[in-house]
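Asker: Just passing along the structure, written as structure tokens.
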Amino acid sequence: MERLPRWADVALVPLISLLLAAIIAALVILAIGQDPWEAITVMVQGSVMNAYGWGYTLYYATSFMFTGLAVTVAFHAGLFNIGGEGQAQLGGLGVALCCLFLPWPHWSLALIGATFAGAAFGAAWAAVPAYLQAKRGSHIVITTIMFNYIASAFLIFMLVDVLRPDGQMDPATANFPEATHLPTLNEIPGLNLIFTSGVPANVTLFIALAMAVVVWALLWRTRLGYAIRAYGKSEPAARYAGISPFGIIMVAMMISGGLAGMMAINNVMGEAERLLGNSASGAGFIGIAVALMGRNHPVGVVLAALLFGFLFQGGAELGLWTKIPIEMRTVVQGLVILFTGALDMMVRMLLTWIFNLFRAGRMAKGAA
Amino acid sequence: MADARYAIELKGISKSFGPVQANKDIHIAVPKGTIHGIIGENGAGKSTLMSILYGFYRADSGEIFINGKATTIPDSQSAIRAGIGMVFQHFKLVQNFTVLENVVLGAEEGALLAGSLAKARKVLTDLSREYELDVDPDAVIEDLSVGHQQRVEILKALYRQADILILDEPTGVLTPAEADHLFRILKGLRDQGKTIILITHKLREIMETTDNVSVMRRGTMVDTVKTAETSPEQLAELMVGRKVLLEVEKKPALLGRTVLKVEDLRVVDEHGVERLKGVSFEIRSGEILGIAGVAGNGQSELLEALGGIARATGKVTLNGADLPLSGKGADGRSRRAAGIAHVPEDRQALGLIMDFTAWENVAFGYHDAPEYQKNSLFMDNDALRADTERKMATFDVRPPIPTLAAKSFSGGNQQKIVVAREIERNPDLLLVGQPTRGVDIGAIEFIHKQIVALRDQGKAILLVSVELDEIRSLSDRIAVMFDGRIMGFRDPETTDERDLGLMMAGMAGTGEAA
């Protein structure tokens, strides 16, 4: 069996997968008695056809970039980090504590402090399953899933019993001080010419993009990244080379957890400006799909994060402007994940087969 | 019209995998009742040809005649119906089934087992008697030695009424005595009128066993000759396409101080089984100590313990300094720092990351080396690529493209990358496991020369190999391992194959200790 040319592997396979997902989604919409064409028009109109829509799409995409990169780093070490959700929630706690209890003179300093706080809390949360895997052999998939539930329960306790201001009804922290409010895209000189109305996307977007570059450099330009990738490809070989499995599992998972934790500067600090329950709202899980679809490469992750940002925002628009329930966006996301992740091999085999048909045809012509 | 004197006749068989032509216009005729050898380097197309014959692949063009009849073989069931039996290099036996159950598996008649088992038992007894293939039909496979397991594979084929038996590298896992027994069985089968195709890379086996031999090179059938009218040198030349030195040329050893001293080395595996049961030896500078033995008798554990991969107990000193055998300092990195280089037995699982490029693999184990760093933060990938290009030139790695993935190189070239990486570090002690496994003859010659050159520079070398010829021609001293122990030391000049073979089977040898 011949392999696919690189361009087809990188671009064509995900595109066809997306197309298939879209077709099935259209059938589902038809089945519930709605108009798929209307649905796609509303989704595109509301998410990428104007600056306001982009403001939301980019906001979601920012979160997904962090969690997608988190999954990517762990994946290269051969570890499947499903705990992004919990790590992001703990990151939110770190960001909240940092913003509430430290006197920040300016948002830029607060942003730096909160980034480190979120990363540190996320990393610490990932360190426990990492240690259990490295020392006790407890499977990281199982432990990170369990740690999502523990994180969720722990946050409810913190919000209800510890951080909730007296007299407030809802389980949330007090609003963060004015000095920690991050500029949204419509408040940034230059960008405010494009984004004329208030949008949630904020400066965190640039940190997310910078992190994509950092992750790329880490994995492909440093000794640590080399060791991580080597360990991820073959543990016996890594042992032969003297790369410590314990060290790699710990470091890779803590970097992964740190990236997931950093997500909180986008949603908690940049948007909600206080910590609420379930703050990560599923972004940790979507990071898995983003990394899968992005082929575990930072460039792919950024692009896939944009796609999922579009799905998120477009799906919300569906709920607003059509009779199609907002849950439809979960269906669409599920289909995209199914086709780009689980059924990826199917599409790939199909394409390989088609390519080989063309090749054989060309060869026959050449021979004749 | 095909000739009915031939059991198998292939005419113009071609097979391509994409741009790679694995078989080009192959013609071969195997007379009935003969043992026919097929030799060729790795990637010469032997396996592809046999896979076509056994129905795993379909030829792009060409004709197959079995006993003079044009035949198509779309799958292995058809091959079996045509009377072809195959004994694979890696046995296809169910480990916890009995011999009888394995023989019947896939050839059951009717829904109830009892009938076919009873019938099989009778056939099996007859076959065993007829061909010296004695195996207990009620023994469970996992309790049998490798040699006996192979007999079960042959019985399986005979039970399916195979007239043509194909054996793929059958002696790789056998002791010399077991191999001799196998060849007696094969000659017996031939004398009863069966046709046997023997695929091997060992010239000695071809010379001793076959009636005719076909040589393949780069997908083509170069020549078919009568074995009695050829010589190993001629066959080697046909295989490689140029003159090859089969014997390693080396000067007498100039022994220096003791480099490695091993005392009572023991390794227990993860199941709690003791794999290395107290091994002691010394290697001096300028000496190659060869470890002979059938695979799985503790040689791998010895290399892993010395290479810092497996935990061990005992006492090991390198140049007089203690080497930690467990805990801190007992890892590959510390060993390299101490001056031990290691060409592992399994280059694909340990020595290389197959998905990494050649240049990434050149840094493998040495990615901390100062010459590969740009600054304290980043690696110097350009320097690495340049270094890889240089190593590829020195060690004649083909194709010399540093950005190619390791898996894209042939076995011999993969091994050259590993050997280049380890030897160029100028180690005091080189551990080498199966340096030429799956490596073609041309590259074997080259790798052997490199090992001898390192020895002549006054380095100590521990060589582990299951190829007795390799051990005998390279070593200055031979240690034979059996069941985790060293059975004895021999001087390669004074020992012989029988002596070593006895020790490999766990018995006292006939020779004198060296």
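Quick note on naming: the chains in the structure tokens go A, B, ... in the order shown, residues restart at 1 in each chain, and ligands are numbered from 1 in order of appearance.
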Dump as an MDAnalysis selection string the residues of chain B that approach chain A to within 10 Å, counting only C-alpha atoms.

Answerer: chainID B and resid 17:19 304 307:310 329:336 342:344 346:356 360:361 363:369 372:381

Asker: Residues within 12 Å of Thr357 of chain B, please, as a VMD selection string. Count only C-alpha atoms; anything in the same chain fewer than 5 positions from it doesn't count.

Answerer: (chain A and resid 226 230) or (chain B and resid 352 362 to 364 381 384 to 385 388 400 to 409 414 417)

Asker: Need the shell around Ile166 of chain B: protein/DNA/RNA residues with any atom at most 10 Å away, counting only C-alpha atoms. Skip same-chain ones fewer than 5 positions apart. Format as a list in words?

Answerer: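 With the cut-off at 10 Å, the set is Ile35, His36, Gly37, Met50, Leu53, Tyr54, Ile84, Gly85, Met86, Val87, Phe88, Ile154, Ala157, Thr195, Ile196, Ile197, Leu198 and Ile199 of chain B.
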
Asker: Can those selected residues be exported to a file as a short mmCIF file (atom, residue, chain, number, x, y, z; two decimals), in the first residue's frame so that it contains N, CA and C atoms?

Answerer:
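As a result, result_18.cif now contains:
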```
data_model
loop_
_atom_site.label_atom_id
_atom_site.label_comp_id
_atom_site.auth_asym_id
_atom_site.auth_seq_id
_atom_site.Cartn_x
_atom_site.Cartn_y
_atom_site.Cartn_z
N ILE B 35 16.29 -30.60 -2.57
CA ILE B 35 16.33 -29.46 -1.64
C ILE B 35 16.93 -28.29 -2.40
N HIS B 36 16.13 -27.24 -2.48
CA HIS B 36 16.54 -26.09 -3.29
C HIS B 36 16.75 -24.88 -2.37
N GLY B 37 17.94 -24.36 -2.36
CA GLY B 37 18.24 -23.20 -1.52
C GLY B 37 17.96 -21.91 -2.25
N MET B 50 8.40 -15.82 -1.89
CA MET B 50 7.76 -16.92 -1.16
C MET B 50 6.34 -16.54 -0.76
N LEU B 53 4.19 -17.23 -3.58
CA LEU B 53 3.97 -18.67 -3.70
C LEU B 53 2.98 -19.17 -2.66
N TYR B 54 2.94 -18.50 -1.50
CA TYR B 54 2.07 -18.96 -0.44
C TYR B 54 0.75 -18.18 -0.40
N ILE B 84 1.41 -27.01 -0.91
CA ILE B 84 2.55 -26.21 -0.42
C ILE B 84 2.41 -26.01 1.09
N GLY B 85 3.47 -26.27 1.82
CA GLY B 85 3.47 -26.03 3.26
C GLY B 85 4.58 -25.04 3.59
N MET B 86 4.34 -24.20 4.59
CA MET B 86 5.32 -23.16 4.89
C MET B 86 5.67 -23.23 6.37
N VAL B 87 6.96 -23.18 6.67
CA VAL B 87 7.41 -23.09 8.05
C VAL B 87 8.04 -21.71 8.21
N PHE B 88 7.36 -20.88 9.00
CA PHE B 88 7.81 -19.50 9.12
C PHE B 88 8.96 -19.37 10.10
N ILE B 154 6.61 -28.38 11.03
CA ILE B 154 6.80 -29.25 9.86
C ILE B 154 5.69 -30.31 9.82
N ALA B 157 2.51 -28.99 8.43
CA ALA B 157 2.50 -28.93 6.97
C ALA B 157 2.30 -30.32 6.37
N THR B 195 9.62 -32.10 -1.92
CA THR B 195 10.46 -31.04 -2.45
C THR B 195 10.60 -29.98 -1.37
N ILE B 196 11.81 -29.52 -1.16
CA ILE B 196 12.03 -28.57 -0.07
C ILE B 196 12.72 -27.31 -0.58
N ILE B 197 12.15 -26.16 -0.18
CA ILE B 197 12.80 -24.89 -0.50
C ILE B 197 13.31 -24.30 0.80
N LEU B 198 14.59 -24.03 0.83
CA LEU B 198 15.23 -23.55 2.04
C LEU B 198 15.70 -22.12 1.81
N ILE B 199 15.11 -21.19 2.57
CA ILE B 199 15.53 -19.79 2.44
C ILE B 199 16.47 -19.50 3.60
#
```

Asker: Report, in Å to a single decimal, how far apart atom CA of Gly84 of chain A and atom CA of Thr72 of chain A are.

Answerer: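 Between atom CA of Thr72 of chain A and atom CA of Gly84 of chain A the gap is 11.1 Å.
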
Asker: Looking at only C-alpha atoms, which of B:Ile141, B:Ala479, B:Val146, B:Leu158 is the one that sits closest to Ala179 of chain B?

Answerer: B:Val146

Asker: So the first atom is atom CA of Gly278 of chain B and the second is atom CA of Ile486 of chain B; what is the distance between them in Å, to one decimal place?

Answerer: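 About the pair atom CA of Gly278 of chain B and atom CA of Ile486 of chain B: they are 8.6 Å apart.
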
Asker: Could you jot down the atom CA of Ala420 of chain B to atom CA of Asn42 of chain B separation for me, Å, one decimal place?

Answerer: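 Atom CA of Asn42 of chain B lies 20.3 Å from atom CA of Ala420 of chain B.
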
Asker: Each residue of segment 1-21 of chain B with at least one atom at most 10 Å from segment 209-227 of chain B should appear once, together with its nearest atom pair and the corresponding distance in Å (one decimal); atoms considered: only C-alpha atoms; ordering: chain, then increasing residue number; output as a tab-separated table.

Answerer:
```
residue	atom	partner	partner_atom	distance
B:Ile13	CA	B:Thr220	CA	9.8
B:Ser14	CA	B:Gly219	CA	8.8
B:Lys15	CA	B:Gly219	CA	9.0
B:Ser16	CA	B:Gly219	CA	9.7
B:Val20	CA	B:Gly219	CA	9.5
B:Gln21	CA	B:Gly219	CA	6.8
```

Asker: Excluding Ile185 of chain B and any residue of its chain fewer than 2 positions from it, enumerate the residues within 12 Å of it, using only C-alpha atoms, and give them as a list in words.

Answerer: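 These residues fall inside the cut-off: Ile35, Leu127, Ser128, Arg129, Glu130, Tyr131, Glu132, Leu133, Asp134, Gly147, Gln150, Arg151, Ile154, Leu155, Glu178, Ala179, Asp180, His181, Leu182, Phe183, Lys187, Gly188, Leu189, Arg190, Asp191, Gln192, Lys194, Ile196 and Thr209 of chain B.
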
Asker: Could you turn the residues from that selection into a file that holds N, CA and C atoms, as a PDB file, in the first residue's frame?

Answerer:
```
ATOM      1  N   ILE B  35      16.291 -30.597  -2.568  1.00  0.00           N
ATOM      2  CA  ILE B  35      16.332 -29.464  -1.637  1.00  0.00           C
ATOM      3  C   ILE B  35      16.925 -28.290  -2.398  1.00  0.00           C
ATOM      4  N   LEU B 127       3.896 -40.342  10.794  1.00  0.00           N
ATOM      5  CA  LEU B 127       4.832 -39.343  10.265  1.00  0.00           C
ATOM      6  C   LEU B 127       6.093 -39.292  11.115  1.00  0.00           C
ATOM      7  N   SER B 128       5.894 -39.304  12.436  1.00  0.00           N
ATOM      8  CA  SER B 128       7.039 -39.204  13.341  1.00  0.00           C
ATOM      9  C   SER B 128       8.006 -40.349  13.083  1.00  0.00           C
ATOM     10  N   ARG B 129       7.427 -41.536  12.933  1.00  0.00           N
ATOM     11  CA  ARG B 129       8.283 -42.699  12.747  1.00  0.00           C
ATOM     12  C   ARG B 129       9.023 -42.578  11.420  1.00  0.00           C
ATOM     13  N   GLU B 130       8.286 -42.186  10.410  1.00  0.00           N
ATOM     14  CA  GLU B 130       8.829 -42.167   9.067  1.00  0.00           C
ATOM     15  C   GLU B 130       9.987 -41.182   8.914  1.00  0.00           C
ATOM     16  N   TYR B 131       9.867 -40.018   9.556  1.00  0.00           N
ATOM     17  CA  TYR B 131      10.823 -38.936   9.264  1.00  0.00           C
ATOM     18  C   TYR B 131      11.689 -38.509  10.458  1.00  0.00           C
ATOM     19  N   GLU B 132      11.738 -39.323  11.495  1.00  0.00           N
ATOM     20  CA  GLU B 132      12.577 -38.942  12.635  1.00  0.00           C
ATOM     21  C   GLU B 132      12.088 -37.629  13.249  1.00  0.00           C
ATOM     22  N   LEU B 133      10.764 -37.436  13.207  1.00  0.00           N
ATOM     23  CA  LEU B 133      10.168 -36.184  13.683  1.00  0.00           C
ATOM     24  C   LEU B 133       9.517 -36.403  15.044  1.00  0.00           C
ATOM     25  N   ASP B 134      10.197 -37.115  15.928  1.00  0.00           N
ATOM     26  CA  ASP B 134       9.549 -37.513  17.160  1.00  0.00           C
ATOM     27  C   ASP B 134       9.213 -36.318  18.066  1.00  0.00           C
ATOM     28  N   GLY B 147      13.558 -26.188  19.003  1.00  0.00           N
ATOM     29  CA  GLY B 147      13.767 -27.185  17.964  1.00  0.00           C
ATOM     30  C   GLY B 147      12.547 -28.082  17.801  1.00  0.00           C
ATOM     31  N   GLN B 150       9.664 -26.326  16.141  1.00  0.00           N
ATOM     32  CA  GLN B 150       9.824 -26.268  14.696  1.00  0.00           C
ATOM     33  C   GLN B 150       9.353 -27.575  14.047  1.00  0.00           C
ATOM     34  N   ARG B 151       9.632 -28.690  14.732  1.00  0.00           N
ATOM     35  CA  ARG B 151       9.174 -29.972  14.202  1.00  0.00           C
ATOM     36  C   ARG B 151       7.656 -29.992  14.125  1.00  0.00           C
ATOM     37  N   ILE B 154       6.615 -28.380  11.026  1.00  0.00           N
ATOM     38  CA  ILE B 154       6.805 -29.254   9.861  1.00  0.00           C
ATOM     39  C   ILE B 154       5.691 -30.308   9.821  1.00  0.00           C
ATOM     40  N   LEU B 155       5.383 -30.860  11.004  1.00  0.00           N
ATOM     41  CA  LEU B 155       4.311 -31.861  11.068  1.00  0.00           C
ATOM     42  C   LEU B 155       2.980 -31.274  10.610  1.00  0.00           C
ATOM     43  N   GLU B 178      20.740 -29.007  17.054  1.00  0.00           N
ATOM     44  CA  GLU B 178      19.351 -28.992  16.595  1.00  0.00           C
ATOM     45  C   GLU B 178      19.287 -28.733  15.093  1.00  0.00           C
ATOM     46  N   ALA B 179      20.146 -27.853  14.628  1.00  0.00           N
ATOM     47  CA  ALA B 179      20.171 -27.542  13.201  1.00  0.00           C
ATOM     48  C   ALA B 179      20.565 -28.782  12.409  1.00  0.00           C
ATOM     49  N   ASP B 180      21.561 -29.518  12.900  1.00  0.00           N
ATOM     50  CA  ASP B 180      21.975 -30.747  12.212  1.00  0.00           C
ATOM     51  C   ASP B 180      20.819 -31.729  12.129  1.00  0.00           C
ATOM     52  N   HIS B 181      20.097 -31.841  13.253  1.00  0.00           N
ATOM     53  CA  HIS B 181      18.955 -32.744  13.268  1.00  0.00           C
ATOM     54  C   HIS B 181      17.920 -32.325  12.230  1.00  0.00           C
ATOM     55  N   LEU B 182      17.658 -31.007  12.175  1.00  0.00           N
ATOM     56  CA  LEU B 182      16.689 -30.489  11.210  1.00  0.00           C
ATOM     57  C   LEU B 182      17.097 -30.874   9.799  1.00  0.00           C
ATOM     58  N   PHE B 183      18.392 -30.730   9.499  1.00  0.00           N
ATOM     59  CA  PHE B 183      18.834 -31.024   8.137  1.00  0.00           C
ATOM     60  C   PHE B 183      18.729 -32.515   7.832  1.00  0.00           C
ATOM     61  N   LYS B 187      16.595 -33.975   4.754  1.00  0.00           N
ATOM     62  CA  LYS B 187      17.122 -34.906   3.759  1.00  0.00           C
ATOM     63  C   LYS B 187      16.247 -36.153   3.694  1.00  0.00           C
ATOM     64  N   GLY B 188      15.745 -36.570   4.862  1.00  0.00           N
ATOM     65  CA  GLY B 188      14.838 -37.715   4.898  1.00  0.00           C
ATOM     66  C   GLY B 188      13.574 -37.427   4.095  1.00  0.00           C
ATOM     67  N   LEU B 189      13.021 -36.252   4.270  1.00  0.00           N
ATOM     68  CA  LEU B 189      11.824 -35.875   3.538  1.00  0.00           C
ATOM     69  C   LEU B 189      12.089 -35.869   2.037  1.00  0.00           C
ATOM     70  N   ARG B 190      13.251 -35.341   1.681  1.00  0.00           N
ATOM     71  CA  ARG B 190      13.599 -35.301   0.253  1.00  0.00           C
ATOM     72  C   ARG B 190      13.673 -36.720  -0.303  1.00  0.00           C
ATOM     73  N   ASP B 191      14.319 -37.618   0.463  1.00  0.00           N
ATOM     74  CA  ASP B 191      14.484 -38.981  -0.030  1.00  0.00           C
ATOM     75  C   ASP B 191      13.139 -39.674  -0.190  1.00  0.00           C
ATOM     76  N   GLN B 192      12.114 -39.205   0.544  1.00  0.00           N
ATOM     77  CA  GLN B 192      10.766 -39.766   0.386  1.00  0.00           C
ATOM     78  C   GLN B 192      10.023 -39.093  -0.760  1.00  0.00           C
ATOM     79  N   LYS B 194       9.645 -35.644  -1.223  1.00  0.00           N
ATOM     80  CA  LYS B 194       9.153 -34.286  -1.001  1.00  0.00           C
ATOM     81  C   LYS B 194      10.145 -33.282  -1.609  1.00  0.00           C
ATOM     82  N   ILE B 196      11.810 -29.520  -1.159  1.00  0.00           N
ATOM     83  CA  ILE B 196      12.031 -28.574  -0.070  1.00  0.00           C
ATOM     84  C   ILE B 196      12.719 -27.314  -0.580  1.00  0.00           C
ATOM     85  N   THR B 209      23.505 -28.669   2.697  1.00  0.00           N
ATOM     86  CA  THR B 209      22.191 -29.303   2.648  1.00  0.00           C
ATOM     87  C   THR B 209      21.566 -29.384   1.264  1.00  0.00           C
TER      88      THR B 209
END
```

Asker: If we count only C-alpha atoms and set the cut-off at 8 Å, which residues sit around Ala29 of chain B, ignoring sequence neighbours fewer than 2 positions away in its own chain? Please answer as a PyMOL selection string.

Answerer: chain B and resi 6-10+27+31

Asker: With distances taken over only C-alpha atoms, which of A:Asn296, A:Ser281, A:Gln313, A:Thr180 is nearest to Ala114 of chain A?

Answerer: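 Using only C-alpha atoms, the shortest distance to Ala114 of chain A belongs to A:Thr180.
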
Asker: Excluding Val214 of chain A and any residue of its chain fewer than 5 positions from it, enumerate the residues within 12 Å of it, using only C-alpha atoms, and give them as a count of residues only.

Answerer: 18

Asker: When you look at Leu429 of chain B with a cut-off of 6 Å (counting only C-alpha atoms), what residues show up, excluding the ones that are within fewer than 2 positions of it in the same chain? I need them as a list in words.

Answerer: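 Skipping anything fewer than 2 positions along the chain leaves Ile340, Pro427, Ala460 and Ile461 of chain B.
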
Asker: Rank A:Ala151, A:Val95, A:Ala120, A:Leu100 by their smallest atom-to-atom distance to Pro177 of chain A, using only C-alpha atoms, and report the top residue only.

Answerer: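 Using only C-alpha atoms, Pro177 of chain A sits closest to A:Leu100.
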
Asker: Between B:Leu254, B:Val279, B:Ala228, B:Leu100, which is the closest to Ile206 of chain B once you count only C-alpha atoms?

Answerer: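 Counting only C-alpha atoms, the residue closest to Ile206 of chain B is B:Ala228.
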
Asker: From the options B:Val104, B:Leu238, B:Val432, B:Val173, which residue's atoms come nearest to Lys119 of chain B, counting only C-alpha atoms?

Answerer: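 The answer is B:Val104, which sits nearest to Lys119 of chain B.
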
Asker: Write down as a ChimeraX atom specification the residues belonging to segment 63-117 of chain B that are assigned strand (DSSP E or B) by DSSP computed on the backbone.

Answerer: /B:63-66,69-71,84-87,98
